[in-house]
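Trainee: For reference, this is structure-v2.cif, and it has mmCIF, C-alpha atoms.
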```
data_entry
loop_
_atom_site.label_atom_id
_atom_site.label_comp_id
_atom_site.auth_asym_id
_atom_site.auth_seq_id
_atom_site.Cartn_x
_atom_site.Cartn_y
_atom_site.Cartn_z
CA MET A 46 3.41 -16.19 74.83
CA THR A 47 3.77 -13.65 72.06
CA VAL A 48 0.60 -13.14 70.04
CA ALA A 49 0.72 -11.88 66.46
CA LEU A 50 -2.38 -9.82 65.89
CA GLY A 51 -4.80 -9.66 63.01
CA MET A 52 -3.14 -6.89 61.00
CA PRO A 53 -1.07 -8.42 58.18
CA ALA A 54 2.60 -7.51 57.78
CA LEU A 55 1.90 -6.32 54.24
CA PRO A 56 -0.73 -3.65 53.44
CA PRO A 57 -4.18 -5.23 53.24
CA PRO A 58 -5.66 -5.63 49.76
CA VAL A 59 -7.94 -2.90 48.45
CA LEU A 60 -10.52 -3.06 45.69
CA SER A 61 -8.97 -0.30 43.58
CA GLU A 62 -6.14 2.17 43.47
CA ARG A 63 -7.09 5.69 44.48
CA ARG A 64 -7.90 8.15 41.73
CA GLN A 65 -5.02 10.63 41.45
CA THR A 66 -5.99 14.11 42.61
CA ARG A 67 -4.60 17.45 43.58
CA GLN A 68 -3.55 17.62 47.22
CA LEU A 69 -4.63 20.12 49.84
CA HIS A 70 -4.59 20.50 53.61
CA VAL A 71 -7.56 21.17 55.84
CA GLY A 72 -5.61 22.26 58.87
CA ALA A 73 -3.33 19.34 59.74
CA VAL A 74 -5.40 16.85 57.72
CA GLY A 75 -4.25 16.14 54.19
CA VAL A 76 -7.00 15.63 51.62
CA GLY A 77 -6.29 14.00 48.29
CA SER A 78 -4.94 10.78 46.84
CA ASP A 79 -1.62 11.06 48.72
CA PHE A 80 -3.44 10.94 52.06
CA PRO A 81 -5.77 8.50 53.87
CA ILE A 82 -9.49 9.05 53.32
CA SER A 83 -10.72 11.23 56.18
CA VAL A 84 -14.01 11.06 58.05
CA GLN A 85 -16.06 14.18 58.68
CA SER A 86 -19.19 15.12 60.57
CA MET A 87 -21.09 18.29 61.44
CA THR A 88 -22.10 19.73 64.78
CA THR A 89 -25.79 20.03 65.64
CA THR A 90 -25.35 22.71 68.29
CA LEU A 91 -25.87 26.41 67.79
CA THR A 92 -22.44 27.55 66.68
CA SER A 93 -22.92 30.73 68.69
CA ASP A 94 -22.93 28.53 71.81
CA VAL A 95 -19.17 28.10 71.91
CA ASN A 96 -19.02 25.78 74.92
CA ALA A 97 -21.72 23.42 73.63
CA THR A 98 -20.13 23.33 70.19
CA LEU A 99 -16.65 22.62 71.56
CA GLN A 100 -18.10 19.88 73.78
CA GLN A 101 -19.67 18.18 70.78
CA ILE A 102 -16.46 18.57 68.80
CA ALA A 103 -14.61 16.87 71.67
CA GLU A 104 -17.07 13.96 71.51
CA LEU A 105 -16.59 13.69 67.75
CA THR A 106 -12.82 13.79 68.16
CA ALA A 107 -12.98 10.96 70.70
CA ALA A 108 -15.08 8.92 68.25
CA GLY A 109 -12.38 9.23 65.57
CA CYS A 110 -13.65 12.19 63.53
CA ASP A 111 -10.90 13.84 61.45
CA ILE A 112 -12.60 17.08 60.38
CA VAL A 113 -15.69 18.84 61.72
CA ARG A 114 -18.05 21.31 60.04
CA VAL A 115 -20.01 24.00 61.87
CA ALA A 116 -22.94 26.01 60.52
CA CYS A 117 -22.63 29.76 60.20
CA PRO A 118 -26.05 31.23 59.32
CA SER A 119 -25.88 34.35 61.54
CA ALA A 120 -23.61 37.12 62.79
CA ASP A 121 -23.55 35.53 66.25
CA ASP A 122 -22.26 32.30 64.71
CA ALA A 123 -19.59 34.18 62.75
CA GLU A 124 -18.44 35.89 65.94
CA ALA A 125 -18.02 32.50 67.62
CA LEU A 126 -15.81 31.05 64.88
CA PRO A 127 -12.42 32.38 66.10
CA ALA A 128 -12.80 30.76 69.53
CA ILE A 129 -14.07 27.49 68.07
CA ALA A 130 -11.35 27.30 65.41
CA LYS A 131 -8.66 28.02 67.99
CA LYS A 132 -9.83 25.56 70.67
CA SER A 133 -11.05 22.65 68.55
CA GLN A 134 -8.82 19.57 68.62
CA ILE A 135 -9.56 18.86 64.94
CA PRO A 136 -9.79 21.17 61.90
CA VAL A 137 -13.00 23.22 61.67
CA ILE A 138 -14.79 23.97 58.41
CA ALA A 139 -17.30 26.81 58.34
CA ASP A 140 -20.50 26.00 56.44
CA ILE A 141 -21.76 29.10 54.61
CA HIS A 142 -25.10 29.63 52.90
CA PHE A 143 -26.91 32.72 51.64
CA GLN A 144 -24.61 35.43 53.06
CA PRO A 145 -21.24 35.82 51.29
CA LYS A 146 -19.95 38.12 54.03
CA TYR A 147 -19.68 35.12 56.33
CA VAL A 148 -17.24 33.49 53.91
CA PHE A 149 -14.81 36.30 54.61
CA ALA A 150 -15.57 36.17 58.33
CA ALA A 151 -14.77 32.45 58.44
CA ILE A 152 -11.50 32.92 56.59
CA GLU A 153 -10.48 35.75 58.92
CA ALA A 154 -11.50 33.63 61.93
CA GLY A 155 -8.87 31.04 61.08
CA CYS A 156 -11.18 28.22 60.03
CA ALA A 157 -9.29 25.38 58.39
CA ALA A 158 -11.57 25.53 55.34
CA VAL A 159 -14.84 27.03 54.16
CA ARG A 160 -17.72 25.21 52.52
CA VAL A 161 -19.77 27.29 50.11
CA ASN A 162 -22.94 26.37 48.21
CA PRO A 163 -22.86 28.64 45.15
CA GLY A 164 -26.47 27.85 44.30
CA ASN A 165 -27.85 29.64 47.34
CA ILE A 166 -25.31 32.41 47.99
CA ARG A 167 -26.52 35.70 46.61
CA LYS A 168 -24.48 36.95 43.64
CA PHE A 169 -21.78 34.41 44.46
CA ASP A 170 -20.17 34.46 41.01
CA ASP A 171 -19.62 38.22 41.30
CA GLN A 172 -17.55 37.75 44.46
CA VAL A 173 -15.38 34.81 43.47
CA LYS A 174 -12.36 37.04 42.83
CA GLU A 175 -12.47 38.54 46.32
CA ILE A 176 -13.15 35.16 47.97
CA ALA A 177 -10.31 33.54 46.05
CA GLN A 178 -7.90 36.28 47.08
CA ALA A 179 -8.87 36.13 50.74
CA ALA A 180 -8.62 32.34 50.78
CA LYS A 181 -5.25 32.45 49.02
CA ASP A 182 -3.91 35.05 51.45
CA HIS A 183 -4.86 32.89 54.44
CA GLY A 184 -4.11 29.48 52.91
CA THR A 185 -7.74 28.45 53.33
CA PRO A 186 -9.16 25.71 51.07
CA ILE A 187 -12.67 26.04 49.69
CA ARG A 188 -15.17 23.21 49.37
CA ILE A 189 -17.65 23.80 46.59
CA GLY A 190 -20.67 21.93 47.89
CA VAL A 191 -23.44 21.44 45.34
CA ASN A 192 -26.72 20.02 46.63
CA ALA A 193 -29.65 18.71 44.65
CA GLY A 194 -32.03 20.97 46.58
CA SER A 195 -30.16 24.20 45.91
CA LEU A 196 -28.87 24.16 42.36
CA ASP A 197 -28.21 27.44 40.59
CA LYS A 198 -31.32 28.61 38.71
CA ARG A 199 -29.44 28.63 35.41
CA ILE A 200 -28.59 24.95 35.79
CA MET A 201 -32.13 24.05 36.80
CA ASP A 202 -33.49 25.89 33.79
CA LYS A 203 -31.15 23.95 31.53
CA TYR A 204 -31.73 20.44 32.93
CA GLY A 205 -35.14 20.73 34.53
CA LYS A 206 -34.07 18.85 37.66
CA ALA A 207 -31.00 17.79 39.62
CA THR A 208 -29.60 15.21 37.21
CA PRO A 209 -26.05 13.85 37.61
CA GLU A 210 -25.02 16.03 34.68
CA ALA A 211 -26.55 19.11 36.32
CA LEU A 212 -24.76 18.50 39.61
CA ALA A 213 -21.39 17.93 37.97
CA GLU A 214 -21.73 20.87 35.59
CA SER A 215 -22.65 23.24 38.41
CA ALA A 216 -19.63 22.22 40.49
CA LEU A 217 -17.20 22.39 37.59
CA TRP A 218 -18.50 25.79 36.54
CA GLU A 219 -17.91 27.25 39.97
CA ALA A 220 -14.47 25.63 40.19
CA SER A 221 -13.58 27.18 36.83
CA LEU A 222 -14.41 30.64 38.19
CA PHE A 223 -11.90 30.13 41.00
CA ALA A 224 -9.36 28.75 38.53
CA GLU A 225 -9.64 31.97 36.51
CA HIS A 226 -8.18 33.73 39.55
CA ASP A 227 -5.45 31.10 39.96
CA PHE A 228 -7.08 29.50 42.98
CA HIS A 229 -7.06 25.71 42.93
CA ASP A 230 -7.15 24.77 46.62
CA ILE A 231 -10.59 23.28 46.11
CA LYS A 232 -12.46 20.12 46.95
CA ILE A 233 -15.88 19.34 45.53
CA SER A 234 -19.05 17.58 46.64
CA VAL A 235 -22.17 16.89 44.59
CA LYS A 236 -24.70 15.43 46.98
CA HIS A 237 -28.10 13.93 46.25
CA ASN A 238 -30.52 11.87 48.34
CA ASP A 239 -30.68 9.17 45.65
CA PRO A 240 -27.51 7.06 45.78
CA VAL A 241 -27.78 6.19 42.08
CA VAL A 242 -27.88 9.85 41.01
CA MET A 243 -25.17 10.73 43.52
CA VAL A 244 -22.81 7.97 42.33
CA ARG A 245 -23.17 8.95 38.69
CA ALA A 246 -22.57 12.63 39.49
CA TYR A 247 -19.28 11.79 41.21
CA GLU A 248 -18.26 9.51 38.35
CA LEU A 249 -18.78 12.40 35.93
CA LEU A 250 -16.73 14.69 38.15
CA ALA A 251 -13.93 12.15 38.42
CA GLU A 252 -13.78 11.95 34.62
CA GLN A 253 -13.55 15.71 34.17
CA CYS A 254 -11.34 17.06 36.96
CA ASP A 255 -8.57 16.16 39.37
CA TYR A 256 -9.91 18.00 42.41
CA PRO A 257 -10.27 15.96 45.62
CA LEU A 258 -13.85 14.81 46.12
CA HIS A 259 -15.90 14.89 49.33
CA LEU A 260 -18.45 12.04 49.27
CA GLY A 261 -21.89 12.32 50.81
CA VAL A 262 -25.50 11.27 50.33
CA THR A 263 -27.49 14.29 51.43
CA GLU A 264 -30.64 13.89 53.53
CA ALA A 265 -29.86 10.18 53.74
CA GLY A 266 -32.47 9.69 56.45
CA PRO A 267 -32.71 7.97 59.85
CA ALA A 268 -29.79 5.90 61.12
CA PHE A 269 -30.65 2.56 59.49
CA GLN A 270 -31.75 3.91 56.12
CA GLY A 271 -28.98 6.49 55.99
CA THR A 272 -26.34 3.92 56.84
CA ILE A 273 -27.50 1.65 54.02
CA LYS A 274 -27.66 4.48 51.49
CA SER A 275 -24.23 5.80 52.42
CA ALA A 276 -22.59 2.38 52.52
CA VAL A 277 -23.98 1.46 49.10
CA ALA A 278 -23.06 4.78 47.47
CA PHE A 279 -19.63 5.09 49.07
CA GLY A 280 -18.82 1.48 48.29
CA ALA A 281 -19.70 1.95 44.62
CA LEU A 282 -17.40 4.98 44.38
CA LEU A 283 -14.56 3.80 46.59
CA ARG A 284 -14.55 0.58 44.54
CA GLN A 285 -13.45 2.82 41.65
CA GLY A 286 -10.91 4.70 43.73
CA ILE A 287 -13.16 7.77 43.85
CA GLY A 288 -13.39 9.69 47.11
CA ASP A 289 -10.93 11.50 49.37
CA THR A 290 -13.01 12.49 52.39
CA ILE A 291 -16.48 11.34 53.49
CA ARG A 292 -19.41 12.40 55.59
CA VAL A 293 -22.25 10.03 56.44
CA SER A 294 -25.35 12.21 56.85
CA LEU A 295 -27.78 10.70 59.35
CA SER A 296 -30.81 11.88 61.27
CA ALA A 297 -28.93 10.79 64.38
CA PRO A 298 -26.31 12.16 66.77
CA PRO A 299 -23.18 13.14 64.80
CA VAL A 300 -21.02 10.63 66.67
CA GLU A 301 -23.08 7.91 64.97
CA GLU A 302 -22.14 9.39 61.59
CA VAL A 303 -18.47 9.03 62.48
CA LYS A 304 -18.87 5.44 63.65
CA VAL A 305 -20.57 4.47 60.38
CA GLY A 306 -18.02 6.31 58.27
CA ILE A 307 -15.11 4.66 60.03
CA GLN A 308 -16.71 1.23 59.67
CA ILE A 309 -17.28 1.73 55.93
CA LEU A 310 -13.62 2.57 55.43
CA GLN A 311 -12.42 -0.27 57.65
CA SER A 312 -14.63 -2.74 55.79
CA LEU A 313 -12.90 -1.79 52.54
CA ASN A 314 -9.39 -1.87 54.08
CA LEU A 315 -9.17 1.89 53.57
CA LYS A 316 -8.68 2.54 57.27
CA GLN A 317 -6.78 0.45 59.80
CA ARG A 318 -9.06 -2.04 61.47
CA LYS A 319 -9.23 -2.07 65.24
CA LEU A 320 -11.35 -4.51 67.20
CA GLU A 321 -13.58 -6.68 65.02
CA ILE A 322 -16.19 -9.07 66.38
CA VAL A 323 -17.01 -11.88 63.92
CA SER A 324 -20.24 -13.61 64.95
CA CYS A 325 -22.41 -16.15 63.17
CA PRO A 326 -26.01 -15.33 62.29
CA SER A 327 -28.86 -16.94 64.14
CA CYS A 328 -29.83 -20.27 62.58
CA GLY A 329 -31.19 -23.68 63.48
CA ARG A 330 -27.68 -25.12 63.92
CA ALA A 331 -26.78 -22.79 66.79
CA GLN A 332 -26.47 -24.59 70.10
CA VAL A 333 -26.01 -21.43 72.17
CA ASP A 334 -27.55 -17.96 72.19
CA VAL A 335 -24.99 -16.42 69.82
CA TYR A 336 -26.75 -13.06 69.72
CA THR A 337 -26.48 -12.60 73.48
CA LEU A 338 -22.91 -13.89 73.56
CA ALA A 339 -21.82 -11.46 70.84
CA GLU A 340 -23.57 -8.54 72.52
CA GLN A 341 -21.98 -9.31 75.87
CA VAL A 342 -18.50 -9.70 74.40
CA THR A 343 -18.93 -6.45 72.47
CA ALA A 344 -20.00 -4.60 75.59
CA GLY A 345 -17.13 -6.06 77.59
CA LEU A 346 -14.51 -5.02 75.02
CA GLU A 347 -15.94 -1.60 74.22
CA GLY A 348 -13.19 0.88 73.58
CA MET A 349 -10.43 -1.61 72.73
CA GLU A 350 -8.14 -0.08 70.11
CA ILE A 351 -5.85 -2.96 69.18
CA PRO A 352 -6.27 -4.66 65.79
CA LEU A 353 -7.88 -7.79 67.21
CA ARG A 354 -10.36 -10.11 65.47
CA VAL A 355 -12.61 -11.98 67.91
CA ALA A 356 -14.88 -14.79 66.61
CA VAL A 357 -18.01 -15.72 68.56
CA MET A 358 -19.39 -18.84 66.92
CA GLY A 359 -22.35 -20.99 67.94
CA CYS A 360 -22.20 -24.32 66.06
CA VAL A 361 -19.87 -27.06 64.89
CA VAL A 362 -20.28 -26.30 61.16
CA ASN A 363 -18.43 -23.01 60.76
CA GLY A 364 -17.45 -22.44 64.38
CA PRO A 365 -14.07 -24.16 64.69
CA GLY A 366 -12.84 -22.88 61.32
CA GLU A 367 -13.83 -19.27 61.98
CA ALA A 368 -12.45 -19.40 65.53
CA ARG A 369 -9.12 -20.69 64.23
CA GLU A 370 -8.91 -17.90 61.65
CA ALA A 371 -9.45 -15.20 64.28
CA ASP A 372 -6.90 -13.90 66.75
CA LEU A 373 -9.21 -14.95 69.57
CA GLY A 374 -12.37 -17.01 69.28
CA VAL A 375 -14.84 -19.44 70.71
CA ALA A 376 -16.59 -22.39 69.06
CA SER A 377 -19.63 -23.14 71.21
CA GLY A 378 -21.86 -26.18 71.57
CA ASN A 379 -23.18 -28.77 74.00
CA GLY A 380 -23.05 -26.32 76.88
CA LYS A 381 -19.38 -25.44 76.54
CA GLY A 382 -16.98 -23.45 74.42
CA GLN A 383 -13.55 -24.12 73.00
CA ILE A 384 -11.37 -21.01 73.31
CA PHE A 385 -8.93 -20.44 70.45
CA VAL A 386 -5.92 -18.09 70.36
CA LYS A 387 -4.29 -17.77 66.92
CA GLY A 388 -5.71 -21.08 65.73
CA GLU A 389 -4.96 -23.21 68.76
CA VAL A 390 -7.37 -24.39 71.45
CA ILE A 391 -6.05 -23.13 74.78
CA LYS A 392 -8.92 -24.27 76.98
CA THR A 393 -12.51 -25.48 77.10
CA VAL A 394 -14.91 -23.67 79.42
CA PRO A 395 -18.57 -24.05 80.39
CA GLU A 396 -21.05 -21.90 78.49
CA HIS A 397 -21.60 -19.52 81.42
CA ALA A 398 -17.85 -18.70 81.47
CA ILE A 399 -17.39 -18.01 77.73
CA VAL A 400 -17.85 -14.24 77.86
CA GLU A 401 -15.66 -13.77 80.93
CA THR A 402 -12.92 -15.94 79.42
CA LEU A 403 -12.91 -14.14 76.07
CA ILE A 404 -12.67 -10.76 77.78
CA GLU A 405 -9.85 -11.96 80.02
CA GLU A 406 -7.91 -13.33 77.05
CA ALA A 407 -8.44 -10.13 75.05
CA MET A 408 -7.14 -8.06 77.96
CA ARG A 409 -4.14 -10.35 78.28
CA ILE A 410 -3.35 -9.96 74.60
CA ALA A 411 -3.67 -6.19 74.92
CA GLU A 412 -1.23 -6.17 77.82
CA GLU A 413 1.27 -8.32 75.94
CA THR A 414 1.21 -5.99 72.97
CA GLY A 415 1.56 -2.91 75.16
CA ASP A 416 -1.77 -1.50 74.05
CA SER A 417 -4.56 -0.38 76.31
CA LEU A 418 -8.22 0.41 76.07
CA GLY A 419 -8.80 3.58 74.11
CA GLN A 420 -11.78 5.57 72.94
CA GLY A 421 -12.89 3.48 69.99
CA GLU A 422 -15.75 1.03 69.75
CA PRO A 423 -15.67 -2.61 68.66
CA VAL A 424 -16.81 -3.57 65.19
CA VAL A 425 -19.44 -6.32 65.03
CA THR A 426 -19.53 -8.46 61.88
CA ALA A 427 -22.16 -11.15 61.34
CA GLY A 428 -20.66 -14.11 59.56
#
```
In structure tokens, write the structure found in this file.
Mentor:
Amino acid sequence: MTVALGMPALPPPVLSERRQTRQLHVGAVGVGSDFPISVQSMTTTLTSDVNATLQQIAELTAAGCDIVRVACPSADDAEALPAIAKKSQIPVIADIHFQPKYVFAAIEAGCAAVRVNPGNIRKFDDQVKEIAQAAKDHGTPIRIGVNAGSLDKRIMDKYGKATPEALAESALWEASLFAEHDFHDIKISVKHNDPVVMVRAYELLAEQCDYPLHLGVTEAGPAFQGTIKSAVAFGALLRQGIGDTIRVSLSAPPVEEVKVGIQILQSLNLKQRKLEIVSCPSCGRAQVDVYTLAEQVTAGLEGMEIPLRVAVMGCVVNGPGEAREADLGVASGNGKGQIFVKGEVIKTVPEHAIVETLIEEAMRIAEETGDSLGQGEPVVTAG
């Protein structure tokens, strides 16, 4: 039996058309409105420890990260950049603060891009000409990364605090200095820990320039809080077509940042969906332990890459309908489960066999489509 999977033949609907931007390339990854929105993260290792950094980059790559950033606060870190840039499977951006000499070191090292924070690099404006020339000679894009905690003193004196207007003005001022030297291979970020301030700052930028924008809520917090903040802020901007590359900043392992970022984009149909688990919430109608069922199915299908929607439902109210709408599903009750494939009941099994049956059917579908288990992770959606 041939099974048509959950990805529609036509492109899935999106909330808004992308804002039109300039285009640039960070290594092999295109950034701008002509390209898919990319997901970034940042290593937590000492960059000077080349092996540890490359190992973490490999883990991020396996999780679906498109671009990785590494910190470069010291000479030892700068010396490690050539090896990291050469051996990384994904483009490497060097993150530079305080010392402008490391900007040049990163460009010479072959990094795919360089992130600079003008507010905390000494005499940055005086060196824009030289930086622009070096970046132009090597084809290296520059990210102007403005943070609420490190605004230029002149901007702080003018606004008194990191307002949306202050963040946008600072970024546009620095971009204009590069433009004076005919360098436009720039993307911009204006991060703040308050999603409301952050969203407004990006809206102001989008109104005043056509540079690609890197979205991020800085110091977003622990995993749960940071996920909520990032999802809310990114959703508000992506709803307007604003945003070309994203980084979810969490006080958590960087792989978790990538997982959240990918899920945000998939939820908005801005990235191809892979495995999606649709499960009903716990309620008084449930006749089985839906939470445990969903967790067991998720664990059993971990890593499946095919675009498959699996519904794990626990009552007769929404269960049959949701199971029929999914590629594969179960409607449970009275100690048994009806197994659906593309809207049709193919068998009824006892409750203890539900998980095993769903996994077997998912594997069968994967085999029929020629796909195999990859490195991704299932998406769990509570219905």
Trainee: Measuring atom to atom with only C-alpha atoms, identify which of A:Thr272, A:Gln178, A:Gln65, A:Ser377 is nearest to Gly359 in chain A.
Mentor: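 Between A:Thr272, A:Gln178, A:Gln65, A:Ser377, the residue approaching Gly359 in chain A most closely is A:Ser377.
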Trainee: Quick one: of A:Leu320, A:Val244, A:Leu196, A:Ala297, who's nearest to Leu283 in chain A, counting all atoms listed in the file?
Mentor: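 Of all the options, A:Val244 lies closest to Leu283 in chain A.
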Trainee: Running the PyMOL selection byres ((chain A and resi 140) around 10) on this model by hand, what would come out? Give it as a list in words.
Mentor: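 When the PyMOL selection byres ((chain A and resi 140) around 10) is applied, the selected residues are Met87, Arg114, Val115, Ala116, Cys117, Pro118, Val137, Ile138, Ala139, Ile141, His142, Tyr147, Val148, Ala151, Ala158, Val159, Arg160, Val161, Asn162, Arg188 and Gly190 of chain A.
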Trainee: Name every residue that the PyMOL selection byres ((chain A and resi 94-105) around 8) selects in this structure, writing the answer as an MDAnalysis selection string with chains first and numbers rising.
Mentor: chainID A and resid 86 88:93 106:110 113 125 128:129 132:135 299:300 303
Trainee: Figure out the distance between CA of Val74 in chain A and CA of Glu175 in chain A, please, to one decimal in Å.
Mentor: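 Atom-to-atom, CA of Glu175 in chain A and CA of Val74 in chain A are spaced 25.5 Å apart.
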Trainee: What's the separation between CA of Ile233 in chain A and CA of Leu258 in chain A, in Å to one decimal place?
Mentor: 5.0 Å
Trainee: Expanded to explicit residues, what is the PyMOL selection byres ((chain A and resi 210-224) around 7) for this file, as a PDB file with C-alpha atoms, in the frame of the given file?
Mentor:
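To be explicit, this is the file written out as part-v3.pdb:
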```pdb
ATOM      1  CA  VAL A 173     -15.380  34.810  43.470  1.00  0.00           C
ATOM      2  CA  ALA A 177     -10.310  33.540  46.050  1.00  0.00           C
ATOM      3  CA  ILE A 189     -17.650  23.800  46.590  1.00  0.00           C
ATOM      4  CA  VAL A 191     -23.440  21.440  45.340  1.00  0.00           C
ATOM      5  CA  ILE A 200     -28.590  24.950  35.790  1.00  0.00           C
ATOM      6  CA  TYR A 204     -31.730  20.440  32.930  1.00  0.00           C
ATOM      7  CA  ALA A 207     -31.000  17.790  39.620  1.00  0.00           C
ATOM      8  CA  THR A 208     -29.600  15.210  37.210  1.00  0.00           C
ATOM      9  CA  PRO A 209     -26.050  13.850  37.610  1.00  0.00           C
ATOM     10  CA  GLU A 225      -9.640  31.970  36.510  1.00  0.00           C
ATOM     11  CA  HIS A 226      -8.180  33.730  39.550  1.00  0.00           C
ATOM     12  CA  ASP A 227      -5.450  31.100  39.960  1.00  0.00           C
ATOM     13  CA  PHE A 228      -7.080  29.500  42.980  1.00  0.00           C
ATOM     14  CA  HIS A 229      -7.060  25.710  42.930  1.00  0.00           C
ATOM     15  CA  ILE A 233     -15.880  19.340  45.530  1.00  0.00           C
ATOM     16  CA  VAL A 235     -22.170  16.890  44.590  1.00  0.00           C
ATOM     17  CA  ALA A 246     -22.570  12.630  39.490  1.00  0.00           C
ATOM     18  CA  LEU A 249     -18.780  12.400  35.930  1.00  0.00           C
ATOM     19  CA  LEU A 250     -16.730  14.690  38.150  1.00  0.00           C
TER      20      LEU A 250
END
```
